[in-house]
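Worksheet: one structure, shown below.
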Amino acid sequence: MSILECRNLYKGYGNKKVLENMNISVPSGKIIGLLGPNGCGKSTLIKMICGLLVPDAGEIRVSGIPIGAETNRLISYLPERTYLNAGMSVTELITYFQEFYTDFDPHRARQMLDDLKIDPQAKIRTLSKGTREKVQLIMVMSRNARLYLLDEPIAGVDPASRDYILQTILQNYNPEATIIITTHLIYDIERVLDEFVFLGFGGEVIMSGNADDVRAQYGKTLDELFREVFRYVQ
């Protein structure tokens, strides 16, 4: 069974369509890149899967279940912007997540904090923007979810930390779960992707498939193929 099904999705704001007639099926146990230019609807789609936005038409199912309270328990979501309470310490944040999410693993969170040398007693407000984003990713990846939705997880961190963050993603999720990553930094993440979806303006699926098959067929990296495809897409 697919972990995620989107059927005939439409979302618009006034006269502006964001997603139109979108159909995708996402298998379990994969890391998938949701890739496209700014304004193509990537974040809108992620928010609809989380139930934060409602489609104007169409249907979304997670593990065969329509979007709602039951599917929210299966999803661990990393938004594009930091939402952490600046007055909390990192330790207090761990306690909060542990109380709020029954699938949260505090031992995993503390290990990742230690690996990144982040002081668990530090207040969120004292951390740099990049470190706050690392902390937020650690909280998200410390849940034992079925579907991880990561909206631009490496955009705000320095290049030296990106490899560690990608390793964190790879090593700290159930291999039967699925991770969907949105990003414009395709070169940095493509080596961890099993599959990809290219979204064009208006939310249409331009191309999708297995990342390794594409490299073999076209003799290009995903980053090179993306640049070629979107050179002509308006």
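If you're wondering about the labels, chains in the structure tokens are A, B, ... by order shown, residues count from 1 in each chain, ligands from 1 in order shown.
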
Give me the residues of segment 51-97 of chain A that have any atom at most 10 Å from an atom of segment 116-136 of chain A; for each, the nearest atom pair and the distance in Å, rounded to one decimal. Use only C-alpha atoms, sort by chain and number, and format it as a Markdown table.
| residue | atom | partner | partner_atom | distance |
| --- | --- | --- | --- | --- |
| A:Tyr77 | CA | A:Gln136 | CA | 9.9 |
| A:Leu78 | CA | A:Gln136 | CA | 7.3 |
| A:Pro79 | CA | A:Gln136 | CA | 9.1 |
| A:Glu80 | CA | A:Glu133 | CA | 9.2 |
| A:Arg81 | CA | A:Glu133 | CA | 8.3 |
| A:Thr82 | CA | A:Glu133 | CA | 6.4 |
| A:Tyr83 | CA | A:Gln136 | CA | 8.3 |
| A:Leu84 | CA | A:Gln136 | CA | 7.3 |
| A:Asn85 | CA | A:Ile124 | CA | 7.1 |
| A:Ala86 | CA | A:Arg125 | CA | 4.6 |
| A:Gly87 | CA | A:Lys123 | CA | 6.3 |
| A:Met88 | CA | A:Lys123 | CA | 5.6 |
| A:Ser89 | CA | A:Lys123 | CA | 4.0 |
| A:Val90 | CA | A:Pro120 | CA | 4.8 |
| A:Thr91 | CA | A:Pro120 | CA | 5.2 |
| A:Glu92 | CA | A:Gln121 | CA | 8.4 |
| A:Leu93 | CA | A:Ile124 | CA | 8.9 |
| A:Ile94 | CA | A:Pro120 | CA | 9.0 |

Using backbone DSSP assignments, extract all strand (DSSP E or B) residues from segment 24-179 of chain A; output them as number ranges by chain.
-> A: 24-27, 31-35, 57-62, 65-66, 75-78, 89, 104, 123, 143, 147-151, 178-179

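Among the candidates A:Glu204, A:Asp223, A:Asp151, A:Asp105, the residue lying nearest to Lys47 of chain A is A:Asp151 (atoms considered: only C-alpha atoms).
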
Met48 of chain A environment, 10 Å, only C-alpha atoms, sequence neighbours closer than 5 positions dropped, as a ChimeraX atom specification = /A:9,11,43,53-55,59-60,67

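Relative to atom CA of Leu52 of chain A, atom CA of Phe198 of chain A is found at 22.7 Å.
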
Write down as a PyMOL selection string the residues of segment 16-198 of chain A whose backbone DSSP state falls under alpha helix (DSSP H).
-> chain A and resi 42-49+69-72+90-100+106-115+129-141+159-171+186-189

Would you please work out which residue, of A:Val205, A:Pro27, A:Phe100, A:His107, is nearest to Glu176 of chain A when using only C-alpha atoms?
-> A:Pro27

Counting only C-alpha atoms, which residues in segment 90-163 of chain A sit no more than 12 Å from segment 178-190 of chain A? For each one, give the nearest pair of atoms and the distance in Å, sorted by chain then residue number, as a Markdown table.
| residue | atom | partner | partner_atom | distance |
| --- | --- | --- | --- | --- |
| A:Val140 | CA | A:Ile179 | CA | 11.4 |
| A:Met141 | CA | A:Ile179 | CA | 10.1 |
| A:Asn144 | CA | A:Thr178 | CA | 11.1 |
| A:Ala145 | CA | A:Thr178 | CA | 8.8 |
| A:Arg146 | CA | A:Thr178 | CA | 6.4 |
| A:Leu147 | CA | A:Thr178 | CA | 5.0 |
| A:Tyr148 | CA | A:Ile179 | CA | 4.6 |
| A:Leu149 | CA | A:Ile180 | CA | 5.1 |
| A:Leu150 | CA | A:Ile181 | CA | 4.8 |
| A:Asp151 | CA | A:Thr182 | CA | 5.0 |
| A:Glu152 | CA | A:Thr183 | CA | 4.7 |
| A:Pro153 | CA | A:Ile181 | CA | 7.5 |
| A:Ile154 | CA | A:Thr183 | CA | 7.9 |
| A:Ala155 | CA | A:Leu185 | CA | 7.3 |
| A:Gly156 | CA | A:Leu185 | CA | 10.9 |
| A:Val157 | CA | A:Leu185 | CA | 11.6 |
| A:Asp158 | CA | A:Asp188 | CA | 11.6 |
| A:Pro159 | CA | A:Asp188 | CA | 8.8 |
| A:Ala160 | CA | A:Asp188 | CA | 11.1 |
| A:Ser161 | CA | A:Asp188 | CA | 11.1 |
| A:Arg162 | CA | A:Asp188 | CA | 7.6 |
| A:Asp163 | CA | A:Asp188 | CA | 8.2 |

Pick out the residues sitting within 12 Å of Phe230 of chain A, and hand them over as a list of chain:residue names; count only C-alpha atoms, and ignore anything fewer than 6 positions along from it in its own chain.
-> A:Leu35, A:Gly36, A:Pro37, A:Asn38, A:Cys40, A:Phe198, A:Leu199, A:Gly200, A:Phe201, A:Ile206, A:Met207, A:Leu222, A:Asp223, A:Glu224

Save the residues we just selected, N, CA, C and O atoms, as a PDB file, in the first residue's frame?
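Okay, this is what ended up in selection28.pdb:
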ATOM      1  N   LEU A  35      10.618  18.363  -5.684  1.00  0.00           N
ATOM      2  CA  LEU A  35      11.549  19.364  -6.185  1.00  0.00           C
ATOM      3  C   LEU A  35      10.870  20.263  -7.207  1.00  0.00           C
ATOM      4  O   LEU A  35      10.136  19.790  -8.076  1.00  0.00           O
ATOM      5  N   GLY A  36      11.130  21.550  -7.108  1.00  0.00           N
ATOM      6  CA  GLY A  36      10.546  22.488  -8.051  1.00  0.00           C
ATOM      7  C   GLY A  36      10.938  23.902  -7.706  1.00  0.00           C
ATOM      8  O   GLY A  36      11.442  24.174  -6.608  1.00  0.00           O
ATOM      9  N   PRO A  37      10.729  24.837  -8.625  1.00  0.00           N
ATOM     10  CA  PRO A  37      11.094  26.236  -8.379  1.00  0.00           C
ATOM     11  C   PRO A  37      10.230  26.858  -7.295  1.00  0.00           C
ATOM     12  O   PRO A  37       9.161  26.331  -6.945  1.00  0.00           O
ATOM     13  N   ASN A  38      10.689  27.963  -6.729  1.00  0.00           N
ATOM     14  CA  ASN A  38       9.893  28.686  -5.739  1.00  0.00           C
ATOM     15  C   ASN A  38       8.542  29.063  -6.336  1.00  0.00           C
ATOM     16  O   ASN A  38       8.457  29.495  -7.482  1.00  0.00           O
ATOM     17  N   CYS A  40       5.985  26.940  -6.773  1.00  0.00           N
ATOM     18  CA  CYS A  40       5.314  25.872  -7.516  1.00  0.00           C
ATOM     19  C   CYS A  40       4.330  25.076  -6.664  1.00  0.00           C
ATOM     20  O   CYS A  40       3.663  24.180  -7.163  1.00  0.00           O
ATOM     21  N   PHE A 198       9.313  16.212  -9.847  1.00  0.00           N
ATOM     22  CA  PHE A 198       9.514  17.591 -10.266  1.00  0.00           C
ATOM     23  C   PHE A 198       8.151  18.258 -10.409  1.00  0.00           C
ATOM     24  O   PHE A 198       7.302  17.794 -11.176  1.00  0.00           O
ATOM     25  N   LEU A 199       7.932  19.341  -9.659  1.00  0.00           N
ATOM     26  CA  LEU A 199       6.694  20.112  -9.764  1.00  0.00           C
ATOM     27  C   LEU A 199       6.934  21.376 -10.560  1.00  0.00           C
ATOM     28  O   LEU A 199       7.899  22.099 -10.315  1.00  0.00           O
ATOM     29  N   GLY A 200       6.027  21.644 -11.506  1.00  0.00           N
ATOM     30  CA  GLY A 200       6.101  22.879 -12.273  1.00  0.00           C
ATOM     31  C   GLY A 200       5.193  23.933 -11.679  1.00  0.00           C
ATOM     32  O   GLY A 200       4.464  23.697 -10.713  1.00  0.00           O
ATOM     33  N   PHE A 201       5.226  25.129 -12.236  1.00  0.00           N
ATOM     34  CA  PHE A 201       4.342  26.205 -11.797  1.00  0.00           C
ATOM     35  C   PHE A 201       2.889  25.774 -12.043  1.00  0.00           C
ATOM     36  O   PHE A 201       2.559  25.225 -13.086  1.00  0.00           O
ATOM     37  N   ILE A 206       5.780  17.536 -13.527  1.00  0.00           N
ATOM     38  CA  ILE A 206       6.510  17.595 -14.795  1.00  0.00           C
ATOM     39  C   ILE A 206       7.189  16.268 -15.093  1.00  0.00           C
ATOM     40  O   ILE A 206       7.210  15.785 -16.225  1.00  0.00           O
ATOM     41  N   MET A 207       7.755  15.672 -14.055  1.00  0.00           N
ATOM     42  CA  MET A 207       8.491  14.415 -14.211  1.00  0.00           C
ATOM     43  C   MET A 207       8.603  13.751 -12.846  1.00  0.00           C
ATOM     44  O   MET A 207       8.653  14.436 -11.821  1.00  0.00           O
ATOM     45  N   LEU A 222      20.504  14.434 -10.961  1.00  0.00           N
ATOM     46  CA  LEU A 222      19.181  15.036 -10.821  1.00  0.00           C
ATOM     47  C   LEU A 222      19.262  16.555 -10.899  1.00  0.00           C
ATOM     48  O   LEU A 222      18.381  17.212 -11.466  1.00  0.00           O
ATOM     49  N   ASP A 223      20.304  17.106 -10.318  1.00  0.00           N
ATOM     50  CA  ASP A 223      20.477  18.561 -10.353  1.00  0.00           C
ATOM     51  C   ASP A 223      20.616  19.038 -11.791  1.00  0.00           C
ATOM     52  O   ASP A 223      19.993  20.030 -12.200  1.00  0.00           O
ATOM     53  N   GLU A 224      21.409  18.346 -12.597  1.00  0.00           N
ATOM     54  CA  GLU A 224      21.584  18.717 -14.001  1.00  0.00           C
ATOM     55  C   GLU A 224      20.277  18.558 -14.779  1.00  0.00           C
ATOM     56  O   GLU A 224      19.917  19.418 -15.595  1.00  0.00           O
TER      57      GLU A 224
END

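Across the model, the gap from atom CA of Thr168 of chain A to atom CA of Thr44 of chain A is 25.3 Å.
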
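Considering only C-alpha atoms, the residue among A:Ile138, A:Met112, A:Glu195, A:Gly203 positioned nearest to Gly41 of chain A is A:Gly203.
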
Hey, what's within 9 Å of Tyr101 of chain A if we count only C-alpha atoms and toss same-chain stuff fewer than 5 positions away? As a VMD selection string, please?
-> chain A and resid 73 96 143

Could you check how far atom CA of Asn210 of chain A sits from atom CA of Ile32 of chain A, in Å to one decimal?
-> 9.1 Å
